[in-house]
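One structure is given here, and the rest of the page talks about it.
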Amino acid sequence: MKARYRYRFYPSNQQRQSLAQLFGCVRVVWNDALVLCKASSKLPSNGDLQKLLITQAKKTEERCWLSEVSAIPLQQSIADLGVAYKNFFDSLNGKRKGKKLGSPRFKKKTSQQSARLTRGGFSINKETVYLAKIGKVNPVWSRDRPSEPSSVTVIKDCANRYFLSCVVDIEPVNISAKNQSIGIDLGVLTFAFMSDGTKAESPTYTKFDRKVRKLQRKLARQEKGSKRRSKTRIEIAKMHNKIADTRQDFLHKLSTKVASENQAIILEDLNVSGMIKNRKLSRAISLQGWRQFRVFCEAKSVEYGREFVVINRWEPTSQICSECGYKWGKLDLKVRSVQCVNCGTMHDRDENAAKIINKVGMGNRHDSKCTSRRSKTISVVSVGEA
């Protein structure tokens with residue numbers, strides 16, 4: 001099973017210049033290949049593009065500086081463009097699930113830069129990593145490598161941080177599960193409610209988000225191309241990285257705990273792209289990272305040998321009593337507690353939804369048609385209103 005291990009490193013000034021040259025060559029080859037693909041009626045093959053844009057381009061005066069860097073990242077850049085076009089066409093034809101993908105776009109100098117090296121372009125010793133025509137770098141080995149990497153990607157993010165992303169083979173983790181299954185209901189105020197009664201509070205991003213808004217207003221007033229605007233742009237990127245790192249650390253820890261303790265993980269298929277169209281909740285929903293949590297749970301369920309289930313988004317998880325199956329209908333978002341008039345059980349809205357998600361995912365659904373609806377549901381005031 002493949003996995004990515006990422007390590008940060010701090011290059012010297014000379015290595016920064018060499019990496020900037022490498023990123024620029026990779027970006028130019030990508031953009032040149034994209035221009036040819038857009039101009040031609042039939043998509044050229046990777047071999048033809050490599051021969052034209054790398055081998056023959058090195059002999060010209062305009063692109064002779066391509067020979068100063070390793071040829072492996074340039075070849076991988078064209079291969080990545082072929083994969084991007086394949087995913088784009090599969091998305092158009094309906095072969096690829098998920099959101100429709102757009103056509104490949106040109107790479108910018110101010111965006112994240114990357115260059116991938118295969119086995120011929122790097123070598124790893126005990127503490128150092130040798131990169132072709134770059135030199136030896138000393139990554140911070142935050143965790144041990146389970147195996148030798150098959151490829152290494154050098155990444156420079158928008159905040160000028162450098163990383164080595166290694167693709168390694170990992171072995172499945174054999175740990176006995178404590179619980180048979182767990183249903184998880186995701187929310188905004190509280191990130192996750194579990195069917196066993198526990199809940200996970202998400203970190204507060206308010207402080208960083210307020211700074212991002214302030215810096216974005218400052219950026220809008222500055223002149224394009226100025227040094228102060230470039231400095232403000234890097235400050236915004238650093239704030240975004242702090243939010244992303246905090247969120248990713250929280251989601252990794254929570255998904256690891258869920259996958260290690262439960263045999264089956266059940267989530268609800270949320271229409272996140274439709275929910276963020278709500279003007280009042282879009283920013284709060286975007287900061288939570290629901291889709292990223294689902295990806296982490298799915299990947300770690302494979303690693304731990306668990307079952308991962310996603311139920312239909314149209315299941316009325318907040319409209320059914322988890323004890324007797326009585327269906328009371330839709331509720332306003334301000335109603336956080338409900339008392340079932342059929343069995344008299346008091347429910348927390350999110351905890352009840354998590355239990356319904358667990359039952360639907362395991363196939364133990366209540367037959368709500370057999371339950372009579374002779375009276376209305378009693379809504380209880382929320383704790384905040386009290």
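Just remember, in the structure tokens the first chain shown is A, the second B, etc., residues are 1-based per chain, and ligands are 1-based in the order shown.
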
**Study point:** Leu267 in chain A environment, 9 Å, only C-alpha atoms, sequence neighbours closer than 5 positions dropped, as a PyMOL selection string
**Key:** chain A and resi 182-186+294+308-311+354+357-358+361

Exercise for review: Please identify which residues in range 205-287 of chain A DSSP calls strand (DSSP E) from the backbone, and express them as a PyMOL selection string.
Suggested key: chain A and resi 262-268

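From CA of Ser255 in chain A back to CA of Lys2 in chain A, the distance works out to 18.0 Å.
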
Practice item. Find, counting only C-alpha atoms, the residue in A:Ser230, A:Ser91, A:Ser176, A:Ser165 that gets nearest to Arg145 in chain A. Key: A:Ser165

Practice item. Do a neighbour search on Ser77 in chain A at 9 Å with only C-alpha atoms, toss out local chain neighbours closer than 5 positions, and write the hits as a list in words. Key: Val26, Arg27, Val29, Trp30, Ile72, Gly82, Ala115 and Arg116 of chain A

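Nearest to His252 in chain A of all the residues A:Pro44, A:Gly289, A:Gly274, A:Gly24 is A:Gly289, counting only C-alpha atoms.
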
Review point. Near Ile276 in chain A, counting only C-alpha atoms, which residues have an atom at most 12 Å away, once you skip same-chain residues fewer than 2 positions from it, shown as a PyMOL selection string?
Key: chain A and resi 188+270-274+278-290

Review point. If we count only C-alpha atoms, what is near Arg213 in chain A at a cut-off of 9 Å, once residues fewer than 5 positions away on the same chain are taken out, given as a VMD selection string?
Key: chain A and resid 208 218 236

Exercise for review: Quick one: pick out all alpha helix (DSSP H) residues within range 141-298 of chain A from a backbone DSSP run and write them as a PyMOL selection string.
Suggested key: chain A and resi 206-221+227-261+272-275+282-288+290-298

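Nearest to Pro11 in chain A of all the residues A:Gln248, A:Asn31, A:Gln339, A:Asn160 is A:Asn160, counting only C-alpha atoms.
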
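If you look at CA of Ser181 in chain A and CA of Gln263 in chain A, they are 5.5 Å away from each other.
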
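The space separating CA of Leu49 in chain A from CA of Ile134 in chain A comes to 25.1 Å.
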
Practice item. Could you tell me which of A:Glu351, A:Glu62, A:Glu201, A:Asp332 comes closest to Leu254 in chain A if we count only C-alpha atoms? Key: A:Glu201
